[in-house]
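Shown next: model.cif, containing mmCIF, C-alpha atoms.
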data_my_file
#
loop_
_atom_site.group_PDB
_atom_site.id
_atom_site.type_symbol
_atom_site.label_atom_id
_atom_site.label_comp_id
_atom_site.auth_asym_id
_atom_site.auth_seq_id
_atom_site.Cartn_x
_atom_site.Cartn_y
_atom_site.Cartn_z
ATOM 1 C CA ILE Z 83 190.064 -84.807 -54.200
ATOM 2 C CA SER Z 84 189.009 -86.432 -50.931
ATOM 3 C CA PRO Z 85 191.478 -87.373 -48.158
ATOM 4 C CA THR Z 86 190.342 -90.976 -48.670
ATOM 5 C CA ALA Z 87 191.432 -90.811 -52.309
ATOM 6 C CA VAL Z 88 194.759 -89.348 -51.219
ATOM 7 C CA TYR Z 89 195.269 -92.304 -48.889
ATOM 8 C CA GLU Z 90 194.282 -94.901 -51.462
ATOM 9 C CA GLN Z 91 196.408 -93.394 -54.229
ATOM 10 C CA GLY Z 92 199.355 -92.963 -51.862
ATOM 11 C CA LEU Z 93 199.332 -96.589 -50.744
ATOM 12 C CA ALA Z 94 201.107 -97.921 -53.811
ATOM 13 C CA SER Z 95 203.845 -100.571 -53.791
ATOM 14 C CA SER Z 96 207.182 -99.489 -55.196
ATOM 15 C CA GLU Z 97 207.832 -103.087 -56.271
ATOM 16 C CA ARG Z 98 204.541 -103.642 -58.087
ATOM 17 C CA GLU Z 99 202.363 -101.568 -60.376
ATOM 18 C CA HIS Z 100 201.032 -98.401 -58.757
ATOM 19 C CA LEU Z 101 197.575 -99.671 -57.873
ATOM 20 C CA SER Z 102 195.337 -98.059 -55.308
ATOM 21 C CA MET Z 103 194.727 -99.951 -52.090
ATOM 22 C CA PRO Z 104 191.348 -99.877 -50.311
ATOM 23 C CA LEU Z 105 191.525 -99.232 -46.592
ATOM 24 C CA GLN Z 106 188.812 -101.678 -45.495
ATOM 25 C CA ASN Z 107 190.131 -103.896 -42.674
ATOM 26 C CA LYS Z 108 193.714 -102.704 -43.233
ATOM 27 C CA ARG Z 109 196.257 -102.023 -40.510
ATOM 28 C CA ILE Z 110 198.086 -98.790 -41.312
ATOM 29 C CA LEU Z 111 201.434 -97.704 -39.887
ATOM 30 C CA VAL Z 112 201.795 -93.908 -40.069
ATOM 31 C CA ILE Z 113 205.275 -92.453 -39.669
ATOM 32 C CA GLY Z 114 205.344 -89.072 -37.925
ATOM 33 C CA GLY Z 115 202.652 -86.663 -36.838
ATOM 34 C CA SER Z 116 202.259 -83.205 -35.411
ATOM 35 C CA ARG Z 117 199.836 -81.246 -33.315
ATOM 36 C CA GLY Z 118 197.056 -79.658 -35.288
ATOM 37 C CA PRO Z 119 194.013 -80.597 -37.331
ATOM 38 C CA ARG Z 120 195.790 -82.179 -40.302
ATOM 39 C CA SER Z 121 197.261 -85.232 -38.573
ATOM 40 C CA LEU Z 122 194.028 -85.970 -36.717
ATOM 41 C CA ALA Z 123 192.020 -85.539 -39.917
ATOM 42 C CA TYR Z 124 194.124 -88.067 -41.830
ATOM 43 C CA TRP Z 125 193.942 -90.636 -39.045
ATOM 44 C CA LYS Z 126 190.192 -90.161 -38.698
ATOM 45 C CA VAL Z 127 189.673 -90.526 -42.452
ATOM 46 C CA ALA Z 128 191.546 -93.839 -42.413
ATOM 47 C CA CYS Z 129 189.339 -95.124 -39.590
ATOM 48 C CA ASP Z 130 186.151 -93.847 -41.229
ATOM 49 C CA ALA Z 131 187.171 -95.594 -44.465
ATOM 50 C CA GLY Z 132 187.257 -98.901 -42.634
ATOM 51 C CA ALA Z 133 190.855 -99.293 -41.489
ATOM 52 C CA GLU Z 134 191.144 -101.840 -38.696
ATOM 53 C CA SER Z 135 193.830 -99.862 -36.871
ATOM 54 C CA VAL Z 136 196.139 -96.883 -37.269
ATOM 55 C CA LEU Z 137 199.513 -97.159 -35.546
ATOM 56 C CA VAL Z 138 201.364 -93.841 -35.376
ATOM 57 C CA ALA Z 139 205.129 -93.960 -34.839
ATOM 58 C CA ILE Z 140 206.016 -90.580 -33.392
ATOM 59 C CA ASN Z 141 208.704 -88.796 -31.421
ATOM 60 C CA PRO Z 142 207.841 -88.949 -27.683
ATOM 61 C CA ASN Z 143 208.068 -85.149 -27.388
ATOM 62 C CA HIS Z 144 204.913 -84.795 -29.497
ATOM 63 C CA ILE Z 145 202.799 -87.325 -27.633
ATOM 64 C CA PRO Z 146 201.480 -85.191 -24.718
ATOM 65 C CA ASN Z 147 199.999 -82.509 -26.985
ATOM 66 C CA LEU Z 148 198.664 -85.022 -29.507
ATOM 67 C CA THR Z 149 197.080 -87.089 -26.765
ATOM 68 C CA GLU Z 150 195.265 -83.959 -25.591
ATOM 69 C CA ASP Z 151 194.107 -83.153 -29.145
ATOM 70 C CA MET Z 152 192.906 -86.713 -29.702
ATOM 71 C CA GLN Z 153 190.285 -86.367 -26.976
ATOM 72 C CA SER Z 154 188.163 -84.497 -29.526
ATOM 73 C CA LEU Z 155 187.918 -87.604 -31.725
ATOM 74 C CA PRO Z 156 184.856 -89.879 -31.604
ATOM 75 C CA LEU Z 157 185.324 -92.930 -29.387
ATOM 76 C CA ASN Z 158 184.964 -95.367 -32.303
ATOM 77 C CA VAL Z 159 187.901 -93.609 -34.003
ATOM 78 C CA LEU Z 160 189.962 -93.069 -30.867
ATOM 79 C CA CYS Z 161 189.948 -96.769 -30.014
ATOM 80 C CA LYS Z 162 191.585 -97.593 -33.370
ATOM 81 C CA ILE Z 163 194.530 -95.174 -33.027
ATOM 82 C CA ARG Z 164 197.664 -96.034 -31.091
ATOM 83 C CA LEU Z 165 200.646 -93.718 -30.635
ATOM 84 C CA ILE Z 166 204.013 -95.494 -30.588
ATOM 85 C CA PRO Z 167 206.871 -93.452 -29.039
ATOM 86 C CA ILE Z 168 210.045 -93.743 -31.135
ATOM 87 C CA ALA Z 169 212.900 -91.639 -29.783
ATOM 88 C CA ARG Z 170 215.001 -91.851 -32.960
ATOM 89 C CA LEU Z 171 212.178 -90.513 -35.111
ATOM 90 C CA THR Z 172 213.164 -86.893 -35.680
ATOM 91 C CA SER Z 173 212.916 -84.527 -38.644
ATOM 92 C CA HIS Z 174 215.083 -85.532 -41.617
ATOM 93 C CA VAL Z 175 216.271 -88.670 -39.823
ATOM 94 C CA THR Z 176 218.771 -90.631 -41.930
ATOM 95 C CA GLY Z 177 220.662 -93.889 -41.581
ATOM 96 C CA ALA Z 178 218.617 -95.153 -38.642
ATOM 97 C CA SER Z 179 215.807 -97.060 -40.382
ATOM 98 C CA ASN Z 180 216.843 -100.478 -39.037
ATOM 99 C CA ASP Z 181 217.018 -99.133 -35.485
ATOM 100 C CA ILE Z 182 213.638 -97.417 -35.875
ATOM 101 C CA ALA Z 183 212.133 -100.656 -37.218
ATOM 102 C CA GLY Z 184 213.474 -102.468 -34.169
ATOM 103 C CA GLU Z 185 212.011 -99.863 -31.823
ATOM 104 C CA ILE Z 186 208.604 -100.135 -33.505
ATOM 105 C CA ILE Z 187 208.586 -103.943 -33.254
ATOM 106 C CA LYS Z 188 209.691 -103.787 -29.616
ATOM 107 C CA ALA Z 189 206.983 -101.217 -28.778
ATOM 108 C CA CYS Z 190 204.401 -103.572 -30.334
ATOM 109 C CA GLY Z 191 205.451 -106.440 -28.077
ATOM 110 C CA GLY Z 192 207.696 -108.149 -30.617
ATOM 111 C CA ILE Z 193 204.969 -108.700 -33.200
ATOM 112 C CA LEU Z 194 204.107 -106.156 -35.889
ATOM 113 C CA ALA Z 195 201.210 -106.941 -38.229
ATOM 114 C CA ILE Z 196 200.610 -104.128 -40.735
ATOM 115 C CA ASP Z 197 199.353 -103.847 -44.307
ATOM 116 C CA ALA Z 198 200.936 -100.554 -45.338
ATOM 117 C CA CYS Z 199 203.375 -97.865 -44.207
ATOM 118 C CA ILE Z 200 202.607 -94.231 -44.988
ATOM 119 C CA THR Z 201 203.486 -90.685 -44.003
ATOM 120 C CA PHE Z 202 202.168 -87.188 -44.602
ATOM 121 C CA GLN Z 203 205.433 -85.426 -43.750
ATOM 122 C CA ASP Z 204 207.926 -84.675 -46.506
ATOM 123 C CA ASP Z 205 210.841 -85.064 -44.108
ATOM 124 C CA MET Z 206 209.693 -88.625 -43.319
ATOM 125 C CA LEU Z 207 209.271 -89.891 -46.893
ATOM 126 C CA GLN Z 208 212.650 -91.629 -47.112
ATOM 127 C CA VAL Z 209 212.493 -93.342 -43.721
ATOM 128 C CA THR Z 210 208.922 -94.426 -44.537
ATOM 129 C CA ALA Z 211 210.116 -96.002 -47.793
ATOM 130 C CA ASP Z 212 212.943 -97.736 -45.910
ATOM 131 C CA LEU Z 213 210.577 -99.095 -43.250
ATOM 132 C CA ALA Z 214 208.109 -100.330 -45.865
ATOM 133 C CA ASN Z 215 210.952 -102.215 -47.511
ATOM 134 C CA ILE Z 216 212.056 -103.696 -44.170
ATOM 135 C CA PHE Z 217 208.503 -104.760 -43.275
ATOM 136 C CA ASN Z 218 207.754 -105.810 -46.889
ATOM 137 C CA VAL Z 219 204.538 -103.817 -47.186
ATOM 138 C CA PRO Z 220 203.291 -101.174 -49.665
ATOM 139 C CA ALA Z 221 204.593 -97.661 -49.086
ATOM 140 C CA CYS Z 222 203.880 -94.117 -50.180
ATOM 141 C CA ASP Z 223 204.499 -93.138 -53.733
ATOM 142 C CA GLN Z 224 206.999 -90.386 -52.917
ATOM 143 C CA VAL Z 225 206.125 -88.115 -55.828
ATOM 144 C CA GLY Z 226 202.393 -88.443 -55.199
ATOM 145 C CA MET Z 227 202.673 -87.913 -51.458
ATOM 146 C CA GLY Z 228 204.921 -84.902 -52.002
ATOM 147 C CA CYS Z 229 202.081 -83.370 -53.991
ATOM 148 C CA THR Z 230 199.577 -83.914 -51.185
ATOM 149 C CA ILE Z 231 201.873 -82.159 -48.702
ATOM 150 C CA ASN Z 232 202.816 -79.147 -50.835
ATOM 151 C CA LYS Z 233 199.974 -76.944 -52.119
ATOM 152 C CA HIS Z 234 201.992 -75.621 -55.055
ATOM 153 C CA LYS Z 235 203.032 -79.103 -56.241
ATOM 154 C CA PHE Z 236 199.452 -80.308 -55.736
ATOM 155 C CA ARG Z 237 198.043 -77.575 -57.964
ATOM 156 C CA GLN Z 238 200.740 -78.146 -60.558
ATOM 157 C CA ALA Z 239 199.923 -81.859 -60.645
ATOM 158 C CA LEU Z 240 196.201 -81.164 -61.086
ATOM 159 C CA SER Z 241 196.475 -78.055 -63.258
ATOM 160 C CA HIS Z 242 194.912 -79.941 -66.174
ATOM 161 C CA ASP Z 243 191.913 -81.029 -64.094
ATOM 162 C CA ALA Z 244 188.704 -79.140 -64.898
ATOM 163 C CA ARG Z 245 187.536 -79.534 -61.289
ATOM 164 C CA LEU Z 246 189.976 -76.796 -60.259
ATOM 165 C CA GLY Z 247 188.088 -74.293 -62.400
ATOM 166 C CA ASN Z 248 189.956 -71.175 -63.460
ATOM 167 C CA ILE Z 249 192.042 -70.700 -60.335
ATOM 168 C CA ALA Z 250 195.380 -69.110 -61.238
ATOM 169 C CA PHE Z 251 198.387 -69.606 -58.996
ATOM 170 C CA SER Z 252 202.123 -69.005 -58.850
ATOM 171 C CA THR Z 253 204.950 -68.718 -56.380
ATOM 172 C CA LEU Z 254 205.733 -65.345 -54.840
ATOM 173 C CA GLU Z 255 209.016 -65.256 -56.764
ATOM 174 C CA GLU Z 256 207.237 -65.804 -60.087
ATOM 175 C CA PHE Z 257 204.637 -63.129 -59.325
ATOM 176 C CA LEU Z 258 207.202 -60.509 -58.359
ATOM 177 C CA ALA Z 259 209.257 -61.327 -61.457
ATOM 178 C CA GLY Z 260 206.253 -60.848 -63.748
ATOM 179 C CA ALA Z 261 206.240 -64.562 -64.666
ATOM 180 C CA ALA Z 262 202.845 -65.403 -63.146
ATOM 181 C CA PRO Z 263 199.800 -66.303 -65.283
ATOM 182 C CA SER Z 264 198.195 -63.222 -66.844
ATOM 183 C CA ASN Z 265 194.874 -63.899 -65.100
ATOM 184 C CA LEU Z 266 196.486 -63.800 -61.652
ATOM 185 C CA GLN Z 267 195.522 -60.273 -60.692
ATOM 186 C CA PHE Z 268 194.779 -58.477 -57.412
ATOM 187 C CA PRO Z 269 193.226 -59.265 -55.080
ATOM 188 C CA VAL Z 270 195.408 -62.337 -54.490
ATOM 189 C CA VAL Z 271 195.756 -64.711 -51.566
ATOM 190 C CA ILE Z 272 199.263 -65.289 -50.217
ATOM 191 C CA LYS Z 273 199.950 -68.362 -48.106
ATOM 192 C CA PRO Z 274 202.715 -70.835 -47.209
ATOM 193 C CA SER Z 275 202.847 -73.750 -49.639
ATOM 194 C CA GLU Z 276 202.920 -76.178 -46.711
ATOM 195 C CA GLY Z 277 201.051 -76.416 -43.440
ATOM 196 C CA CYS Z 278 197.436 -75.778 -42.560
ATOM 197 C CA GLY Z 279 195.276 -73.317 -40.706
ATOM 198 C CA SER Z 280 195.157 -69.541 -41.180
ATOM 199 C CA ASN Z 281 198.645 -68.758 -39.907
ATOM 200 C CA GLY Z 282 200.548 -66.846 -42.585
ATOM 201 C CA VAL Z 283 197.549 -66.477 -44.914
ATOM 202 C CA PHE Z 284 196.726 -62.998 -46.205
ATOM 203 C CA ILE Z 285 194.520 -61.410 -48.856
ATOM 204 C CA THR Z 286 196.250 -58.530 -50.616
ATOM 205 C CA HIS Z 287 194.758 -55.875 -52.881
ATOM 206 C CA SER Z 288 197.911 -54.122 -54.065
ATOM 207 C CA MET Z 289 201.643 -54.581 -54.462
ATOM 208 C CA ASP Z 290 202.215 -52.554 -51.272
ATOM 209 C CA GLU Z 291 199.994 -54.945 -49.298
ATOM 210 C CA LEU Z 292 201.761 -57.900 -50.917
ATOM 211 C CA HIS Z 293 205.185 -56.647 -49.792
ATOM 212 C CA LYS Z 294 203.852 -56.052 -46.265
ATOM 213 C CA ALA Z 295 202.567 -59.623 -46.186
ATOM 214 C CA LYS Z 296 205.895 -60.912 -47.463
ATOM 215 C CA ALA Z 297 207.690 -58.993 -44.710
ATOM 216 C CA SER Z 298 205.694 -60.922 -42.102
ATOM 217 C CA TYR Z 299 207.472 -64.131 -43.100
ATOM 218 C CA ASP Z 300 210.845 -64.517 -41.446
ATOM 219 C CA ARG Z 301 213.849 -65.248 -43.662
ATOM 220 C CA ASP Z 302 214.151 -68.857 -42.488
ATOM 221 C CA ARG Z 303 210.538 -69.624 -43.328
ATOM 222 C CA LEU Z 304 210.864 -68.137 -46.802
ATOM 223 C CA SER Z 305 213.943 -70.283 -47.514
ATOM 224 C CA ARG Z 306 212.319 -73.508 -46.284
ATOM 225 C CA ASN Z 307 208.814 -73.025 -47.598
ATOM 226 C CA ARG Z 308 207.868 -71.460 -50.911
ATOM 227 C CA VAL Z 309 205.017 -68.975 -50.695
ATOM 228 C CA LEU Z 310 201.996 -69.577 -52.913
ATOM 229 C CA LEU Z 311 199.698 -66.968 -54.436
ATOM 230 C CA SER Z 312 196.314 -67.611 -55.963
ATOM 231 C CA ASN Z 313 193.120 -65.854 -56.977
ATOM 232 C CA GLU Z 314 190.919 -68.391 -55.183
ATOM 233 C CA ASP Z 315 187.741 -67.214 -53.500
ATOM 234 C CA TRP Z 316 188.256 -65.675 -50.059
ATOM 235 C CA LEU Z 317 185.500 -66.480 -47.602
ATOM 236 C CA VAL Z 318 184.926 -64.150 -44.650
#
Kindly return the structure encoded in the file as structure tokens.
Amino acid sequence: ISPTAVYEQGLASSEREHLSMPLQNKRILVIGGSRGPRSLAYWKVACDAGAESVLVAINPNHIPNLTEDMQSLPLNVLCKIRLIPIARLTSHVTGASNDIAGEIIKACGGILAIDACITFQDDMLQVTADLANIFNVPACDQVGMGCTINKHKFRQALSHDARLGNIAFSTLEEFLAGAAPSNLQFPVVIKPSEGCGSNGVFITHSMDELHKAKASYDRDRLSRNRVLLSNEDWLV
């Protein structure tokens, strides 16, 4: 499933039928972003797919690092992306959607022309839906976007799809409780269900190695982020 398809399937109006929306010549407002390859990849995909512009409403604290990361983007992509500092935009923000909308309009010089409002952060889904309603534009389908953010939900949603092959997967809790699929056998890959990169990803060949990998996750991370196991190929 390509990132472009994720975008087009995510841009569905909550007030109309859930139809995909092509990105050609569209002006996209993205709510939230973080340092790392994922945010840049999504913005670049939107530009490559023909989006006219990508406005990114983001907490000012994240802008210096993101600005540095963005220098790696091609010039034709970089010129389409604009970071908009919004001080009220913090994790799990609630009850401030009208104020955030006002800040965004003010930062854009009093005129905001967009075709869709989207996010790739689960803690921004509600405020994104609120802003889309305020601006009267299509928004994320919250269930669908939740699946693109969480690897376990994504695999559950596509478990019937033959393109996934015979990859078996489960949560750590299910595996330890003996409730995992019978074909999920060692060696298994253990990874956080959210996030990207290699941080927190291990290949384990025995239950002892699995428990050692589990011990590397702090208690807070385990409570916030379910750990996924799978028998996918491990490339070295």
* **Given only C-alpha atoms as the counted atoms, nearest of Z:Val219, Z:Ile163, Z:Asp197, Z:Ala139 to Gln106 (chain Z)** => Z:Asp197
* **Contact residues around region 168-183 of chain Z with all atoms listed in the file at 9 Å, ignoring same-chain residues under 6 positions, as a list in words** => Ile113, Gly114, Ala139, Ile140, Asn141, Pro142, Asn143, Ala189, Asp204, Asp205, Met206, Leu207, Gln208, Val209, Thr210, Asp212, Leu213, Ile216 and Phe217 of chain Z
* Quick one: residues within 10 Å of Pro119 (chain Z), only C-alpha atoms counted, chain neighbours fewer than 2 positions away excluded, as a PyMOL selection string? -> chain Z and resi 116-117+121-124+151-152+278-279
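One finds CA of Lys162 (chain Z) at 14.5 Å from CA of Cys190 (chain Z).
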Around all of region 259-269 of chain Z's listed atoms, make the axis-aligned box with 8 Å on each side and tell me centre and edge lengths in Å to one decimal, as AutoDock Vina command-line options.
--center_x 201.2 --center_y -62.4 --center_z -61.0 --size_x 32.0 --size_y 23.8 --size_z 27.8
* **Option closest in space to Ser298 (chain Z), from Z:Asn281, Z:Asn147, Z:Ser312, Z:Gln203 [counting only C-alpha atoms]** => Z:Asn281
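Interatomic distance, CA of Ile196 (chain Z) against CA of Lys108 (chain Z): 7.5 Å.
Taken over the whole file, the PyMOL selection byres ((chain Z and resi 109) around 9) covers exactly Z:Leu105, Z:Gln106, Z:Asn107, Z:Lys108, Z:Ile110, Z:Leu111, Z:Ala133, Z:Glu134, Z:Ser135, Z:Val136, Z:Leu137, Z:Ala195, Z:Ile196, Z:Asp197, Z:Ala198.
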* In the coordinates of the file, take the point (204.9, -75.3, -59.4) and a cut-off of 8 Å; then, counting only C-alpha atoms, name each qualifying protein, DNA or RNA residue as a ChimeraX atom specification. => /Z:234-235,237-238,252-253
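Interatomic distance, CA of Gly282 (chain Z) to CA of Lys296 (chain Z): 9.4 Å.
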* Reference answer for the PyMOL selection byres ((chain Z and resi 262) around 12), as a ChimeraX atom specification -> /Z:250-261,263-267,270,310-313
* **Distance query Ile285 (chain Z) at most 9 Å, all atoms listed in the file, self and fewer than 4 positions along chain excluded, as a ChimeraX atom specification** => /Z:269-273,291-292,295,316
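Restricting the calculation to only C-alpha atoms, the smallest distance between Glu276 (chain Z) and any of Z:Ala214, Z:Ala128, Z:Val159, Z:Ile231 is found for Z:Ile231.
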